[in-house]
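Each remark here refers to the structure printed beneath this line.
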Amino acid sequence: MDKNVCFVFFLASWFMICRCNNYEKREIAPFTHIAFSDQTIYVAGSGGIVAFHKENLSEISISDYKNNWLLMYVKDGDVVIQCNTDEKNISHCRKLDFNLKSTGVISTFMTGNMKSLPSYTMVPVQVSPLAIQVAVIGASSMEILNKTYGILSLRLDNLTLFGPWNIEIKEGCNIVFKSVIEYNSHVYFFYQMQKDGHVSSRIGKSCSRDDIDETAGKCDQSYGDMPITCTHKTFTFDELEVAIIYDEVLIVSFRNETESVMCKYDLKDITFKFSSREVQHCNFWNSSQ
């Protein structure tokens, strides 16, 4: 399906769900995540997950997993992946069937800073002899097995950590991921850095190859990042909110205390800067990377 059509369908579907189905009384809303299969729309929020028939938006099923921070549909296997945090700030990711029933596959426990929701994307990877899907997640901080990650990844077939995209973060750093995008064999990370009351923004980039050796960790070694800003009417905006990439164009929304702007970048220029000396490893990432 054409991406413009998908975007219009997304907005139309979201509007119809909010307009025609009142879940506030059932403590499902507000909705924060949406995923699609060929026949079903899945929507998750602070109070649970709802599955709708795509054709008429009639309800199929409801799950009571609360405080969701990830929702994905995986066509291979016709399954839904969700991650949520409980009242003790412990997170798990689960594999659900198309009716939102648990399949029994669950990740190890994680703890993290959930003041801001993580951003994520799905990346196809060839791990010989298997073709798998991987969730690449940008989190403020997520602790797993006594290590704290700013970027982590999970295999979606068994919900275990996937080696190449797990990058540790130094203690005390305050970062907020806004968008994570897989495009043209790379994964792009858009995030804010918050320090001493000032907000700045950066774009990170890592490889996304089909021939990754899971044990080699080459993708985290390929990671680099650089500042990103937008100047409009002599004012420089440095607080990004969301980013999308379409047809070799990067579009980023920035804001300040009074207004917002949309800025367009040629992805070829971004790629050139990543290949130049302007790119560095940020000093808040663990020095072991």
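Chain identifiers are assigned as A, B, and so on, following the order in which chains appear in the structure tokens; residues are numbered from 1 within each chain, and ligands are numbered from 1 in order of appearance.
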
Exercise for review: Would you please give, as JSON, numbers by chain, all residues of stretch 11-167 of chain A that DSSP assigns to helix (DSSP H, G or I) based on the backbone?
Suggested key: {"A": [11, 12, 13, 14, 15, 16, 17, 18, 19, 20, 163, 164, 165]}

Exercise for review: With a distance cut-off of 10 Å and only C-alpha atoms, select the neighbouring residues of stretch 86-89 of chain A, excluding the residue or stretch itself and same-chain residues fewer than 2 positions from it, and output the selection as a ChimeraX atom specification.
Suggested key: /A:65-68,84,91-92,110-114

Practice item. Apply DSSP to the structure's backbone, then extract all residues of stretch 16-113 of chain A labelled strand (DSSP E) and return them as number ranges by chain. Key: A: 31-36, 40-45, 49-53, 59-63, 68-74, 79-85, 90-96, 102-106, 110-112

With N, CA and C atoms retained, could you export that selection as a short mmCIF file (atom, residue, chain, number, x, y, z; two decimals), in the first residue's frame?
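Final output, saved to result.cif:
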```
data_model
loop_
_atom_site.label_atom_id
_atom_site.label_comp_id
_atom_site.auth_asym_id
_atom_site.auth_seq_id
_atom_site.Cartn_x
_atom_site.Cartn_y
_atom_site.Cartn_z
N PHE A 31 -5.22 6.13 24.49
CA PHE A 31 -4.46 5.28 23.58
C PHE A 31 -3.12 5.93 23.25
N THR A 32 -2.06 5.15 23.25
CA THR A 32 -0.72 5.68 22.95
C THR A 32 0.00 4.90 21.86
N HIS A 33 -0.53 3.73 21.44
CA HIS A 33 0.15 2.90 20.45
C HIS A 33 -0.90 2.27 19.53
N ILE A 34 -0.51 2.07 18.27
CA ILE A 34 -1.42 1.45 17.31
C ILE A 34 -0.62 0.55 16.38
N ALA A 35 -1.22 -0.60 16.01
CA ALA A 35 -0.58 -1.56 15.09
C ALA A 35 -1.67 -2.16 14.21
N PHE A 36 -1.29 -2.63 13.02
CA PHE A 36 -2.24 -3.13 12.04
C PHE A 36 -1.86 -4.52 11.57
N THR A 40 -7.12 -6.52 11.22
CA THR A 40 -7.35 -6.05 12.58
C THR A 40 -6.54 -4.79 12.89
N ILE A 41 -7.11 -3.91 13.69
CA ILE A 41 -6.41 -2.76 14.25
C ILE A 41 -6.24 -3.02 15.74
N TYR A 42 -5.00 -2.92 16.21
CA TYR A 42 -4.70 -3.10 17.64
C TYR A 42 -4.32 -1.74 18.22
N VAL A 43 -4.93 -1.39 19.34
CA VAL A 43 -4.66 -0.13 19.99
C VAL A 43 -4.37 -0.39 21.46
N ALA A 44 -3.28 0.20 21.97
CA ALA A 44 -2.88 -0.01 23.36
C ALA A 44 -2.73 1.33 24.07
N GLY A 45 -2.90 1.29 25.38
CA GLY A 45 -2.78 2.50 26.16
C GLY A 45 -2.44 2.19 27.60
N ILE A 49 -5.29 -3.16 26.10
CA ILE A 49 -5.16 -3.29 24.65
C ILE A 49 -6.53 -3.70 24.08
N VAL A 50 -6.90 -3.11 22.95
CA VAL A 50 -8.16 -3.43 22.29
C VAL A 50 -7.88 -3.83 20.86
N ALA A 51 -8.55 -4.87 20.37
CA ALA A 51 -8.47 -5.29 18.98
C ALA A 51 -9.81 -4.98 18.30
N PHE A 52 -9.75 -4.35 17.11
CA PHE A 52 -10.94 -3.99 16.35
C PHE A 52 -10.89 -4.64 14.97
N HIS A 53 -12.07 -4.99 14.44
CA HIS A 53 -12.16 -5.34 13.03
C HIS A 53 -11.84 -4.10 12.21
N GLU A 59 -15.54 -4.20 18.01
CA GLU A 59 -14.58 -4.76 18.94
C GLU A 59 -14.46 -6.27 18.80
N ILE A 60 -13.19 -6.76 18.82
CA ILE A 60 -12.93 -8.20 18.78
C ILE A 60 -12.61 -8.72 20.18
N SER A 61 -11.65 -8.09 20.83
CA SER A 61 -11.24 -8.55 22.15
C SER A 61 -10.52 -7.44 22.90
N ILE A 62 -10.38 -7.62 24.22
CA ILE A 62 -9.70 -6.66 25.08
C ILE A 62 -8.73 -7.43 25.98
N SER A 63 -7.55 -6.86 26.17
CA SER A 63 -6.59 -7.40 27.11
C SER A 63 -6.35 -6.38 28.22
N ASN A 68 1.10 0.13 28.80
CA ASN A 68 1.83 -0.39 27.65
C ASN A 68 2.80 0.65 27.10
N TRP A 69 4.01 0.18 26.73
CA TRP A 69 4.98 1.09 26.11
C TRP A 69 5.50 0.57 24.77
N LEU A 70 5.02 -0.58 24.32
CA LEU A 70 5.37 -1.09 22.99
C LEU A 70 4.22 -1.94 22.48
N LEU A 71 3.91 -1.80 21.20
CA LEU A 71 2.89 -2.62 20.55
C LEU A 71 3.29 -2.82 19.09
N MET A 72 3.42 -4.09 18.67
CA MET A 72 3.79 -4.42 17.30
C MET A 72 2.96 -5.61 16.82
N TYR A 73 2.66 -5.62 15.52
CA TYR A 73 2.08 -6.80 14.89
C TYR A 73 3.14 -7.44 14.01
N VAL A 74 3.34 -8.75 14.17
CA VAL A 74 4.31 -9.50 13.37
C VAL A 74 3.53 -10.44 12.47
N VAL A 79 1.10 -12.72 15.15
CA VAL A 79 1.17 -12.48 16.59
C VAL A 79 1.32 -10.99 16.88
N VAL A 80 0.96 -10.63 18.09
CA VAL A 80 1.10 -9.27 18.59
C VAL A 80 2.16 -9.28 19.69
N ILE A 81 3.09 -8.32 19.63
CA ILE A 81 4.10 -8.15 20.67
C ILE A 81 3.74 -6.92 21.48
N GLN A 82 3.65 -7.07 22.79
CA GLN A 82 3.39 -5.92 23.66
C GLN A 82 4.35 -5.94 24.84
N CYS A 83 4.72 -4.73 25.29
CA CYS A 83 5.52 -4.58 26.49
C CYS A 83 4.81 -3.60 27.41
N ASN A 84 4.83 -3.89 28.70
CA ASN A 84 4.19 -3.01 29.66
C ASN A 84 4.93 -3.02 30.98
N THR A 85 4.61 -2.05 31.82
CA THR A 85 5.24 -1.89 33.12
C THR A 85 4.20 -2.05 34.21
N ILE A 90 8.42 -2.81 36.98
CA ILE A 90 9.04 -3.95 36.31
C ILE A 90 8.32 -4.16 34.98
N SER A 91 9.09 -4.28 33.91
CA SER A 91 8.52 -4.46 32.57
C SER A 91 8.74 -5.87 32.07
N HIS A 92 7.76 -6.35 31.31
CA HIS A 92 7.88 -7.59 30.55
C HIS A 92 7.36 -7.34 29.14
N CYS A 93 7.88 -8.09 28.19
CA CYS A 93 7.32 -8.13 26.85
C CYS A 93 6.73 -9.51 26.63
N ARG A 94 5.58 -9.56 25.94
CA ARG A 94 4.87 -10.81 25.74
C ARG A 94 4.49 -10.98 24.27
N LYS A 95 4.39 -12.22 23.88
CA LYS A 95 3.88 -12.55 22.55
C LYS A 95 2.43 -13.01 22.72
N LEU A 96 1.49 -12.31 22.06
CA LEU A 96 0.07 -12.61 22.13
C LEU A 96 -0.41 -13.13 20.78
N SER A 102 -2.30 -14.72 25.65
CA SER A 102 -0.88 -15.01 25.79
C SER A 102 -0.52 -16.34 25.14
N THR A 103 0.62 -16.35 24.44
CA THR A 103 1.13 -17.59 23.87
C THR A 103 2.10 -18.29 24.82
N GLY A 104 2.41 -17.66 25.93
CA GLY A 104 3.35 -18.23 26.89
C GLY A 104 4.78 -17.77 26.69
N VAL A 105 5.06 -17.02 25.62
CA VAL A 105 6.41 -16.50 25.38
C VAL A 105 6.52 -15.14 26.05
N ILE A 106 7.46 -14.99 26.98
CA ILE A 106 7.61 -13.75 27.75
C ILE A 106 9.09 -13.46 27.94
N MET A 110 12.57 -6.37 33.11
CA MET A 110 13.35 -5.17 32.88
C MET A 110 12.85 -4.09 33.82
N THR A 111 13.71 -3.19 34.23
CA THR A 111 13.31 -2.01 34.98
C THR A 111 13.86 -0.79 34.27
N GLY A 112 13.12 0.30 34.32
CA GLY A 112 13.60 1.47 33.60
C GLY A 112 12.87 2.73 33.97
#
```

Per-residue nearest contacts of stretch 105-220 of chain A to stretch 224-239 of chain A (9 Å; only C-alpha atoms) as JSON lines:
```
{"residue": "A:Phe189", "atom": "CA", "partner": "A:Asp225", "partner_atom": "CA", "distance": 8.6}
{"residue": "A:Phe190", "atom": "CA", "partner": "A:Ile228", "partner_atom": "CA", "distance": 8.9}
{"residue": "A:Tyr191", "atom": "CA", "partner": "A:Glu239", "partner_atom": "CA", "distance": 9.0}
{"residue": "A:Gln192", "atom": "CA", "partner": "A:Glu239", "partner_atom": "CA", "distance": 6.8}
{"residue": "A:Met193", "atom": "CA", "partner": "A:Glu239", "partner_atom": "CA", "distance": 9.0}
{"residue": "A:Val199", "atom": "CA", "partner": "A:Glu239", "partner_atom": "CA", "distance": 6.1}
{"residue": "A:Ser200", "atom": "CA", "partner": "A:Asp238", "partner_atom": "CA", "distance": 5.3}
{"residue": "A:Ser201", "atom": "CA", "partner": "A:Ile228", "partner_atom": "CA", "distance": 5.8}
{"residue": "A:Arg202", "atom": "CA", "partner": "A:Pro227", "partner_atom": "CA", "distance": 4.2}
{"residue": "A:Ile203", "atom": "CA", "partner": "A:Asp225", "partner_atom": "CA", "distance": 5.5}
{"residue": "A:Gly204", "atom": "CA", "partner": "A:Asp225", "partner_atom": "CA", "distance": 4.0}
{"residue": "A:Lys205", "atom": "CA", "partner": "A:Gly224", "partner_atom": "CA", "distance": 5.6}
{"residue": "A:Ser206", "atom": "CA", "partner": "A:Gly224", "partner_atom": "CA", "distance": 6.8}
{"residue": "A:Asp220", "atom": "CA", "partner": "A:Gly224", "partner_atom": "CA", "distance": 8.9}
```

Practice item. Choose the residue, out of A:Ala243, A:Cys263, A:Trp165, A:Val249, that has the smallest atom-to-atom separation from A:Tyr223; count only C-alpha atoms. Key: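 Closest to A:Tyr223, using only C-alpha atoms: A:Trp165.
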
Check your understanding: Could you pull the residues within 8 Å of stretch 141-157 of chain A, counting only C-alpha atoms, minus those fewer than 5 positions along the same chain, as a list in words?
Key ->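 The contact residues come out as Ile81, Thr108, Phe109, Met110, Thr111, Gly112, Asn113, Ile132, Gln133, Val134, Ala135, Val136, Phe162, Gly163, Pro164, Trp165, Asn166, Ile167, Glu168, Ile169, Lys170 and Trp285 of chain A.
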